[in-house]
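Each remark here refers to the structure printed beneath this line.
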Amino acid sequence: MTRVEISSEVLLQLLELLAAGAGSERLAEVAVAARASGELSEGQLGELGAAAGLALRIQHTLAEHRRREAELTALFDTASDLARLSDPDAVLRSIVRRARTLLGVDVSYLSLNDEAAGKTYVRVTDGSVSALFQQVVLGMGDGLGGLVAQTARPYATADYFADERFRHTSPIDTGVQDEGLTAILGVPLAIGSKVIGVLFASDRKPREFTAGEVALLSSLADHAAIALDSAHLLDETRRAAAELNAANSTMRRAEDAHDRLMDLVLRGGQLAEVAAAVADVLHGDLAVYDAEGAELARSGVAPELDLRAVALSRTSGRAVSTEDTWVCAVQAGQELLGSLVLGGRPGLAGADRALFERAGVVTALLLMLRRSVAQAEDEVRGELLTDLLTAPDRNPAALLARGRRLAVDLSAPHTVLIAHAEGVSRRRLAAAAARHAELVGVHAEQVVALAVGDDPGLLARKVSAALRSTMDCAVTVGAAGPVSGPAALAEAHAEAARCVGTLLALGRPGEGASMADLGFLGMVLGEHADLAAYVASTLGPVLDYDVRRGTDLLGTLRAYFSCGANLTRAKDELHVHVNTVVQRLDRIASLLGDDWQSPERALELQLALRLHRLRP
């Protein structure tokens with residue numbers, strides 16, 4: 001079909017709009033205006049519509065990238081502000097403003113408890129237009145904020161006025177209605193187990209807040225609570241400096257440690273640097289563990305992890321002591337990210353304990369940032385893997401260049417692995433496989449990995465065993481290669497997929513192999529094998545007979561072999577009389593020849609039956 005060229009001026013206009021960051025409405029107007037002008041043929045209008053659609057997709061992709069970049073920038077700016085500010089009011093304004101930016105909501109606000117008066121009042125707002133809402137005073141336990149403060153857990157509602165989980169009062173509902181709010185998310189602002197307020201994010205339209213948004217706002221609230229605590233502690237220490245000279249030294253050390261930790265965060269420091277800094281300040285041995293108890297970093301001799309102490313610290317929100325160590329849970333909201341364990345300090349009180357707990361918050365922030373970076377990198381690697389396997393010939397040079405940017409040399413020999421596990425998230429399986437490969441992703445609902453290794457079968461068995469230990473379930477791994485270059489890698493991927501399918505069809509889940517390990521079956525299923533021709537040459541007379549007569553001799557043959565050539569068991573599986581089985585086998589013999597039950601023919605027939613079941 002001949003393509004119809006459209007005006008280069010129209011295409012240039014679309015490109016200029018994309019470069020200027022125009023919205024989807026402006027892009028759509030180009031096609032509408034061109035159609036209204038009547039100067040283009042139907043073919044040109046069709047091409048223009050396709051070009052406009054492509055421009056809209058590009059605009060959406062650019063918008064997504066800008067959104068992710070803005071979120072990461074806002075998170076770093078938040079850490080910078082909190083590290084720089086010491087005035088409580090300035091800290092609160094920074095917190096609320098960043099919360100609104102991070103979640104992209106209409107209004108964000110923060111309430112603080114006045115225990116003496118038994119009231120809660122809105123201290124700071126951002127995006128609010130209602131004076132009534134800004135001045136509302138809540139009774140302790142009223143509204144969604146009261147529920148958050150009572151339970152010390154985040155709560156979200158997509159429709160505030162329709163939600164009956166919390167106690168509605170006239171002053172609160174009137175203020176919320178005057179502000180026009182509908183969806184509200186609230187997370188506790190807590191110091192240890194004490195809730196001092198609530199941080200809110202709200203929209204003027206219905207909205208479901210995601211788990212990631214809840215965790216992000218909770219992390220910000222926890223960091224904010226520590227920042228407020230630090231600001232108040234700094235004020236109190238300064239007022240008492242003239243009377244308590246010893247407190248001056250402690251405070252300076254706490255400030256130095258806090259600045260040192262925050263500098264690590266702002267510089268993008270590693271967990272090992274945090275562990276070294278905290279161990280140096282507290283004069284002990286420190287180790288950082290993840291949520292599963294695996295060691296992430298250490299300074300000195302790694303203290304032993306007590307999981308019961310971690311659970312207790314997570315519940316109380318404070319560092320807890322064991323017989324020989326201090327343990328602090330690292331968490332973002334209700335999500336456990338890991339733990340800090342300090343050894344060599346049987347006594348830890350006052351500012352040192354607060355510093356240890358503050359180190360837990362800094363560690364949580366680093367782990368959240370590392371997770372965000374890892375997710376972004378996983379997306380880039382997944383896109384490269386998809387392009388490599390779906391269009392290896394489109395632009396091989398560009399694929400090689402993209403691989404080099406990810407420290408993966410696609411021109412070097414690689415073995416392609418495909419991992420399969422029943423009842424396991426593919427993303428979780430891919431994350432585990434990443435420890436054994438240079439490039440891992442999910443493609444066509446399969447976990448695909450590129451690894452370095454000369455023996456694909458041996459590599460597949462090693463990876464299968466390692467993943468079985470990590471995932472605690474059977475993981476089947478098929479391998480092909482090693483090969484070099486995009487086109488060869490795509491072909492190896494297809495062979496690895498056939499290898500996995502064959503292992504599963506043969507009833508060998510949890511094993512690792514390459515086609516060479518499957519013997520004769522591997523030769524049949526190897527590259528360029530004609531499976532249809534093999535099945536037809538072996539089972540063709542039976543298949544043709546079933547098609548002509550509407551019978552199922554193939555099913556009888558399969559049942560006969562599966563029952564070990566036992567007529568009694570075969571007739572029970574087929575639910576027919578034994579004479580019927582004999583008659584059907586006689587018919588099969590007339591079609592296939594009298595030697596069809598000889599060992600060689602029986603092997604070929606059973607192999608063909610397996611292959612026939614594998615075919616789509």
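How things are named: the first chain in the structure tokens is A, the next is B, and so on; residues count from 1 in each chain; ligands count from 1 in the order shown.
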Find the spatial neighbours of stretch 303-308 of chain A, counting only C-alpha atoms, within a cut-off of 9 Å - ignore same-chain residues fewer than 3 positions away - and output them as a PyMOL selection string. chain A and resi 285-287+289+293+298+300+311-313+322+324-325+327+339-344
Those in stretch 323-488 of chain A with strand (DSSP E or B) from DSSP, as a PyMOL selection string: chain A and resi 325-332+335-343+414-420+439-443+446-451+476-483
For A:Leu553, please output as JSON, numbers by chain all residues within 10 Å (counting only C-alpha atoms; exclusion window: fewer than 4 positions along the same chain). {"A": [542, 543, 545, 546, 557, 558, 559, 581, 584, 585, 587, 588]}
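Residue neighbourhood of stretch 214-222 of chain A, excluding near-sequence residues (fewer than 6 positions): Ala99, Val187, Pro188, Leu189, Ala190, Leu199, Ala332 and Gly333 of chain A, at 7 Å, using only C-alpha atoms.
Residue nearest A:Leu607 within the list A:Thr538, A:Gln150, A:Thr157, A:Thr174: A:Thr538 [criterion: smallest interatomic distance, only C-alpha atoms].
If you measure from each of A:Leu110, A:Ala532, A:Ala412, A:Leu233 to A:Gly485 using only C-alpha atoms, the closest one turns out to be A:Ala412.
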Residues of stretch 343-454 of chain A classed as alpha helix (DSSP H) by DSSP on the backbone are to be reported as a PyMOL selection string. chain A and resi 351-390+396-405+426-433
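Look at A:Leu609: the protein and nucleic acid residues within 10 Å of it, using only C-alpha atoms and passing over chain neighbours fewer than 3 places away, are Val535, Thr538, Leu539, Leu554, Gly555, Leu557, Arg558, Phe561, Leu603, Glu604, Leu605, Gln606, His612, Arg613 and Leu614 of chain A.
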Suppose we keep N, CA and C atoms; can you now write the selection as a short mmCIF file (atom, residue, chain, number, x, y, z; two decimals), in the first residue's frame?
```
data_model
loop_
_atom_site.label_atom_id
_atom_site.label_comp_id
_atom_site.auth_asym_id
_atom_site.auth_seq_id
_atom_site.Cartn_x
_atom_site.Cartn_y
_atom_site.Cartn_z
N VAL A 535 5.59 -34.67 14.28
CA VAL A 535 4.34 -35.21 14.82
C VAL A 535 3.52 -35.85 13.70
N THR A 538 4.90 -39.24 12.57
CA THR A 538 4.79 -40.30 13.57
C THR A 538 3.34 -40.67 13.87
N LEU A 539 2.49 -39.69 14.03
CA LEU A 539 1.10 -39.91 14.43
C LEU A 539 0.10 -39.59 13.32
N LEU A 554 -6.28 -41.13 19.34
CA LEU A 554 -5.12 -40.49 19.95
C LEU A 554 -5.22 -40.51 21.47
N GLY A 555 -6.41 -40.24 22.01
CA GLY A 555 -6.59 -40.28 23.45
C GLY A 555 -6.43 -41.68 24.00
N LEU A 557 -4.48 -44.01 22.68
CA LEU A 557 -3.05 -44.28 22.62
C LEU A 557 -2.32 -43.61 23.79
N ARG A 558 -2.70 -42.37 24.09
CA ARG A 558 -2.06 -41.65 25.19
C ARG A 558 -2.36 -42.33 26.52
N PHE A 561 -0.33 -45.71 26.91
CA PHE A 561 1.06 -45.53 27.31
C PHE A 561 1.17 -44.99 28.74
N LEU A 603 8.91 -45.48 21.87
CA LEU A 603 9.57 -44.24 22.30
C LEU A 603 9.20 -43.09 21.38
N GLU A 604 9.26 -43.34 20.06
CA GLU A 604 8.92 -42.28 19.12
C GLU A 604 7.47 -41.83 19.27
N LEU A 605 6.57 -42.82 19.44
CA LEU A 605 5.15 -42.47 19.59
C LEU A 605 4.91 -41.65 20.86
N GLN A 606 5.52 -42.06 21.95
CA GLN A 606 5.32 -41.31 23.20
C GLN A 606 5.92 -39.91 23.09
N HIS A 612 2.84 -33.28 20.60
CA HIS A 612 1.50 -32.87 20.16
C HIS A 612 0.79 -32.09 21.25
N ARG A 613 1.00 -32.48 22.49
CA ARG A 613 0.38 -31.75 23.61
C ARG A 613 1.02 -30.37 23.80
N LEU A 614 2.32 -30.26 23.44
CA LEU A 614 3.01 -28.98 23.58
C LEU A 614 2.56 -27.96 22.55
#
```
Find the spatial neighbours of A:Val129, counting only C-alpha atoms, within a cut-off of 12 Å - ignore same-chain residues fewer than 6 positions away - and output them as a PDB file with N, CA and C atoms, in the first residue's frame.
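Result went into selection01.pdb, see below:
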```pdb
ATOM      1  N   ASP A 106      -4.553  18.798  46.193  1.00  0.00           N
ATOM      2  CA  ASP A 106      -5.044  20.177  46.191  1.00  0.00           C
ATOM      3  C   ASP A 106      -4.669  20.907  47.487  1.00  0.00           C
ATOM      4  N   VAL A 107      -4.807  20.232  48.610  1.00  0.00           N
ATOM      5  CA  VAL A 107      -4.578  20.877  49.914  1.00  0.00           C
ATOM      6  C   VAL A 107      -3.798  19.911  50.804  1.00  0.00           C
ATOM      7  N   SER A 108      -2.813  20.435  51.518  1.00  0.00           N
ATOM      8  CA  SER A 108      -2.131  19.668  52.554  1.00  0.00           C
ATOM      9  C   SER A 108      -2.144  20.506  53.828  1.00  0.00           C
ATOM     10  N   GLN A 135      -9.218  27.659  60.614  1.00  0.00           N
ATOM     11  CA  GLN A 135      -9.380  27.986  62.031  1.00  0.00           C
ATOM     12  C   GLN A 135     -10.112  26.896  62.809  1.00  0.00           C
ATOM     13  N   GLY A 175     -16.176  22.733  58.172  1.00  0.00           N
ATOM     14  CA  GLY A 175     -14.908  23.236  57.633  1.00  0.00           C
ATOM     15  C   GLY A 175     -14.471  22.483  56.388  1.00  0.00           C
ATOM     16  N   VAL A 176     -14.606  21.148  56.414  1.00  0.00           N
ATOM     17  CA  VAL A 176     -14.228  20.344  55.252  1.00  0.00           C
ATOM     18  C   VAL A 176     -15.121  20.684  54.060  1.00  0.00           C
ATOM     19  N   GLN A 177     -16.416  20.851  54.317  1.00  0.00           N
ATOM     20  CA  GLN A 177     -17.336  21.181  53.227  1.00  0.00           C
ATOM     21  C   GLN A 177     -17.039  22.577  52.675  1.00  0.00           C
ATOM     22  N   ASP A 178     -16.694  23.524  53.542  1.00  0.00           N
ATOM     23  CA  ASP A 178     -16.386  24.879  53.067  1.00  0.00           C
ATOM     24  C   ASP A 178     -15.110  24.892  52.221  1.00  0.00           C
ATOM     25  N   GLU A 179     -14.165  24.018  52.543  1.00  0.00           N
ATOM     26  CA  GLU A 179     -12.943  23.907  51.749  1.00  0.00           C
ATOM     27  C   GLU A 179     -13.179  23.110  50.468  1.00  0.00           C
ATOM     28  N   GLY A 180     -14.236  22.314  50.431  1.00  0.00           N
ATOM     29  CA  GLY A 180     -14.557  21.536  49.241  1.00  0.00           C
ATOM     30  C   GLY A 180     -13.770  20.251  49.132  1.00  0.00           C
ATOM     31  N   LEU A 181     -13.313  19.707  50.272  1.00  0.00           N
ATOM     32  CA  LEU A 181     -12.489  18.511  50.233  1.00  0.00           C
ATOM     33  C   LEU A 181     -13.346  17.254  50.145  1.00  0.00           C
ATOM     34  N   ARG A 204      -9.904  17.735  46.223  1.00  0.00           N
ATOM     35  CA  ARG A 204     -11.287  18.209  46.138  1.00  0.00           C
ATOM     36  C   ARG A 204     -12.153  17.312  45.244  1.00  0.00           C
TER      37      ARG A 204
END
```
Extract, using only C-alpha atoms, all DNA, RNA and protein residues at most 12 Å from A:Val361, discarding same-chain residues fewer than 5 positions from it, and format them as an mmCIF file with N, CA, C and O atoms, in the first residue's frame.
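So out.cif came out as:
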```cif
data_model
loop_
_atom_site.group_PDB
_atom_site.id
_atom_site.type_symbol
_atom_site.label_atom_id
_atom_site.label_comp_id
_atom_site.auth_asym_id
_atom_site.auth_seq_id
_atom_site.Cartn_x
_atom_site.Cartn_y
_atom_site.Cartn_z
ATOM 1 N N ALA A 79 14.568 16.780 52.246
ATOM 2 C CA ALA A 79 15.663 16.431 53.162
ATOM 3 C C ALA A 79 16.586 17.623 53.392
ATOM 4 O O ALA A 79 17.048 17.870 54.511
ATOM 5 N N ILE A 191 6.448 10.831 67.902
ATOM 6 C CA ILE A 191 7.787 10.726 68.474
ATOM 7 C C ILE A 191 7.746 9.511 69.385
ATOM 8 O O ILE A 191 7.122 9.541 70.447
ATOM 9 N N GLY A 192 8.386 8.445 68.940
ATOM 10 C CA GLY A 192 8.246 7.190 69.653
ATOM 11 C C GLY A 192 6.823 6.685 69.520
ATOM 12 O O GLY A 192 6.262 6.606 68.442
ATOM 13 N N SER A 218 4.026 8.848 55.075
ATOM 14 C CA SER A 218 4.398 8.391 56.420
ATOM 15 C C SER A 218 5.874 8.624 56.692
ATOM 16 O O SER A 218 6.259 9.029 57.783
ATOM 17 N N SER A 219 6.728 8.341 55.683
ATOM 18 C CA SER A 219 8.164 8.578 55.854
ATOM 19 C C SER A 219 8.440 10.055 56.100
ATOM 20 O O SER A 219 9.244 10.419 56.956
ATOM 21 N N LEU A 220 7.772 10.912 55.343
ATOM 22 C CA LEU A 220 7.945 12.345 55.535
ATOM 23 C C LEU A 220 7.476 12.775 56.919
ATOM 24 O O LEU A 220 8.122 13.584 57.585
ATOM 25 N N ALA A 221 6.355 12.202 57.384
ATOM 26 C CA ALA A 221 5.836 12.554 58.709
ATOM 27 C C ALA A 221 6.798 12.113 59.809
ATOM 28 O O ALA A 221 7.039 12.851 60.775
ATOM 29 N N ASP A 222 7.355 10.900 59.683
ATOM 30 C CA ASP A 222 8.310 10.429 60.682
ATOM 31 C C ASP A 222 9.548 11.316 60.739
ATOM 32 O O ASP A 222 10.038 11.684 61.810
ATOM 33 N N HIS A 223 10.067 11.660 59.543
ATOM 34 C CA HIS A 223 11.242 12.523 59.488
ATOM 35 C C HIS A 223 10.914 13.905 60.045
ATOM 36 O O HIS A 223 11.733 14.517 60.742
ATOM 37 N N ALA A 224 9.712 14.370 59.756
ATOM 38 C CA ALA A 224 9.295 15.676 60.261
ATOM 39 C C ALA A 224 9.192 15.678 61.776
ATOM 40 O O ALA A 224 9.566 16.650 62.444
ATOM 41 N N ALA A 225 8.674 14.565 62.336
ATOM 42 C CA ALA A 225 8.544 14.502 63.790
ATOM 43 C C ALA A 225 9.910 14.575 64.459
ATOM 44 O O ALA A 225 10.092 15.278 65.455
ATOM 45 N N ILE A 226 10.878 13.864 63.888
ATOM 46 C CA ILE A 226 12.235 13.929 64.444
ATOM 47 C C ILE A 226 12.821 15.326 64.268
ATOM 48 O O ILE A 226 13.503 15.846 65.155
ATOM 49 N N ALA A 227 12.535 15.964 63.132
ATOM 50 C CA ALA A 227 13.050 17.310 62.906
ATOM 51 C C ALA A 227 12.458 18.293 63.920
ATOM 52 O O ALA A 227 13.148 19.162 64.458
ATOM 53 N N HIS A 258 23.933 14.819 63.759
ATOM 54 C CA HIS A 258 22.779 15.026 62.888
ATOM 55 C C HIS A 258 23.211 15.635 61.556
ATOM 56 O O HIS A 258 22.790 15.194 60.474
ATOM 57 N N LEU A 261 24.972 13.030 59.486
ATOM 58 C CA LEU A 261 24.056 12.080 58.863
ATOM 59 C C LEU A 261 23.294 12.717 57.709
ATOM 60 O O LEU A 261 23.126 12.116 56.638
ATOM 61 N N MET A 262 22.826 13.949 57.917
ATOM 62 C CA MET A 262 22.062 14.617 56.867
ATOM 63 C C MET A 262 22.950 14.931 55.666
ATOM 64 O O MET A 262 22.505 14.899 54.521
ATOM 65 N N VAL A 265 23.021 11.953 53.575
ATOM 66 C CA VAL A 265 21.792 11.810 52.783
ATOM 67 C C VAL A 265 21.840 12.721 51.574
ATOM 68 O O VAL A 265 21.545 12.311 50.439
ATOM 69 N N VAL A 274 26.749 5.469 56.626
ATOM 70 C CA VAL A 274 25.886 5.755 57.771
ATOM 71 C C VAL A 274 26.282 4.884 58.954
ATOM 72 O O VAL A 274 26.381 5.358 60.096
ATOM 73 N N GLY A 317 8.028 2.069 68.462
ATOM 74 C CA GLY A 317 8.571 3.238 67.780
ATOM 75 C C GLY A 317 9.836 3.773 68.416
ATOM 76 O O GLY A 317 10.295 4.863 68.065
ATOM 77 N N ARG A 318 10.430 3.036 69.350
ATOM 78 C CA ARG A 318 11.643 3.458 70.032
ATOM 79 C C ARG A 318 12.695 2.362 69.944
ATOM 80 O O ARG A 318 12.397 1.201 69.687
ATOM 81 N N ALA A 319 13.940 2.756 70.190
ATOM 82 C CA ALA A 319 15.006 1.768 70.280
ATOM 83 C C ALA A 319 14.826 0.953 71.562
ATOM 84 O O ALA A 319 14.442 1.489 72.611
ATOM 85 N N CYS A 328 16.972 -0.863 66.817
ATOM 86 C CA CYS A 328 16.014 0.164 66.373
ATOM 87 C C CYS A 328 15.431 -0.272 65.032
ATOM 88 O O CYS A 328 16.169 -0.507 64.067
ATOM 89 N N ALA A 329 14.101 -0.391 64.978
ATOM 90 C CA ALA A 329 13.435 -0.746 63.719
ATOM 91 C C ALA A 329 13.519 0.423 62.750
ATOM 92 O O ALA A 329 13.327 1.578 63.128
ATOM 93 N N VAL A 330 13.807 0.134 61.497
ATOM 94 C CA VAL A 330 13.835 1.134 60.431
ATOM 95 C C VAL A 330 12.555 0.978 59.639
ATOM 96 O O VAL A 330 12.333 -0.060 59.009
ATOM 97 N N GLN A 331 11.710 1.983 59.679
ATOM 98 C CA GLN A 331 10.412 1.850 59.037
ATOM 99 C C GLN A 331 9.958 3.166 58.431
ATOM 100 O O GLN A 331 10.381 4.244 58.835
ATOM 101 N N ALA A 332 9.071 3.034 57.427
ATOM 102 C CA ALA A 332 8.402 4.180 56.806
ATOM 103 C C ALA A 332 6.914 3.980 57.029
ATOM 104 O O ALA A 332 6.291 3.143 56.371
ATOM 105 N N GLY A 333 6.368 4.729 57.978
ATOM 106 C CA GLY A 333 4.974 4.484 58.344
ATOM 107 C C GLY A 333 4.873 3.127 59.022
ATOM 108 O O GLY A 333 5.584 2.811 59.971
ATOM 109 N N LEU A 336 7.971 -2.043 57.471
ATOM 110 C CA LEU A 336 9.293 -2.333 58.022
ATOM 111 C C LEU A 336 10.292 -2.433 56.881
ATOM 112 O O LEU A 336 10.138 -3.253 55.975
ATOM 113 N N LEU A 337 11.324 -1.585 56.922
ATOM 114 C CA LEU A 337 12.356 -1.589 55.885
ATOM 115 C C LEU A 337 13.608 -2.332 56.318
ATOM 116 O O LEU A 337 14.370 -2.808 55.480
ATOM 117 N N GLY A 338 13.833 -2.419 57.621
ATOM 118 C CA GLY A 338 15.035 -3.074 58.116
ATOM 119 C C GLY A 338 15.227 -2.766 59.590
ATOM 120 O O GLY A 338 14.266 -2.460 60.309
ATOM 121 N N SER A 339 16.476 -2.810 60.054
ATOM 122 C CA SER A 339 16.757 -2.549 61.468
ATOM 123 C C SER A 339 18.224 -2.163 61.642
ATOM 124 O O SER A 339 19.072 -2.483 60.814
ATOM 125 N N LEU A 340 18.495 -1.431 62.740
ATOM 126 C CA LEU A 340 19.850 -1.101 63.167
ATOM 127 C C LEU A 340 20.127 -1.839 64.462
ATOM 128 O O LEU A 340 19.278 -1.873 65.361
ATOM 129 N N ALA A 354 18.408 9.028 71.442
ATOM 130 C CA ALA A 354 17.706 9.798 70.412
ATOM 131 C C ALA A 354 18.499 9.809 69.099
ATOM 132 O O ALA A 354 17.927 9.723 68.010
ATOM 133 N N LEU A 355 19.822 9.917 69.218
ATOM 134 C CA LEU A 355 20.651 9.907 68.021
ATOM 135 C C LEU A 355 20.563 8.554 67.310
ATOM 136 O O LEU A 355 20.493 8.489 66.083
ATOM 137 N N PHE A 356 20.561 7.486 68.094
ATOM 138 C CA PHE A 356 20.424 6.143 67.516
ATOM 139 C C PHE A 356 19.088 6.006 66.779
ATOM 140 O O PHE A 356 19.024 5.464 65.666
ATOM 141 N N LEU A 366 17.290 6.731 53.293
ATOM 142 C CA LEU A 366 18.228 6.207 52.304
ATOM 143 C C LEU A 366 17.673 4.972 51.609
ATOM 144 O O LEU A 366 17.813 4.804 50.390
ATOM 145 N N LEU A 367 17.031 4.087 52.367
ATOM 146 C CA LEU A 367 16.463 2.879 51.765
ATOM 147 C C LEU A 367 15.324 3.220 50.814
ATOM 148 O O LEU A 367 15.170 2.594 49.755
ATOM 149 N N MET A 368 14.509 4.222 51.174
ATOM 150 C CA MET A 368 13.419 4.643 50.276
ATOM 151 C C MET A 368 13.981 5.246 48.998
ATOM 152 O O MET A 368 13.485 4.975 47.891
#
```
Would you please work out which residue, of A:Ala487, A:Val416, A:Leu138, A:Ala51, is nearest to A:Arg394 when using only C-alpha atoms? A:Ala487
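Between atom CA of A:Ser514 and atom CA of A:Ala497 the separation is 10.1 Å.
Minimum atom-to-atom distances from A:Asp263, A:Glu491, A:Glu164, A:Asp454 to A:Thr390 were compared using only C-alpha atoms, and the lowest value belongs to A:Glu491.
Our summary of the geometry notes that atom CA of A:Gly146 is positioned 29.3 Å from atom CA of A:Thr363.
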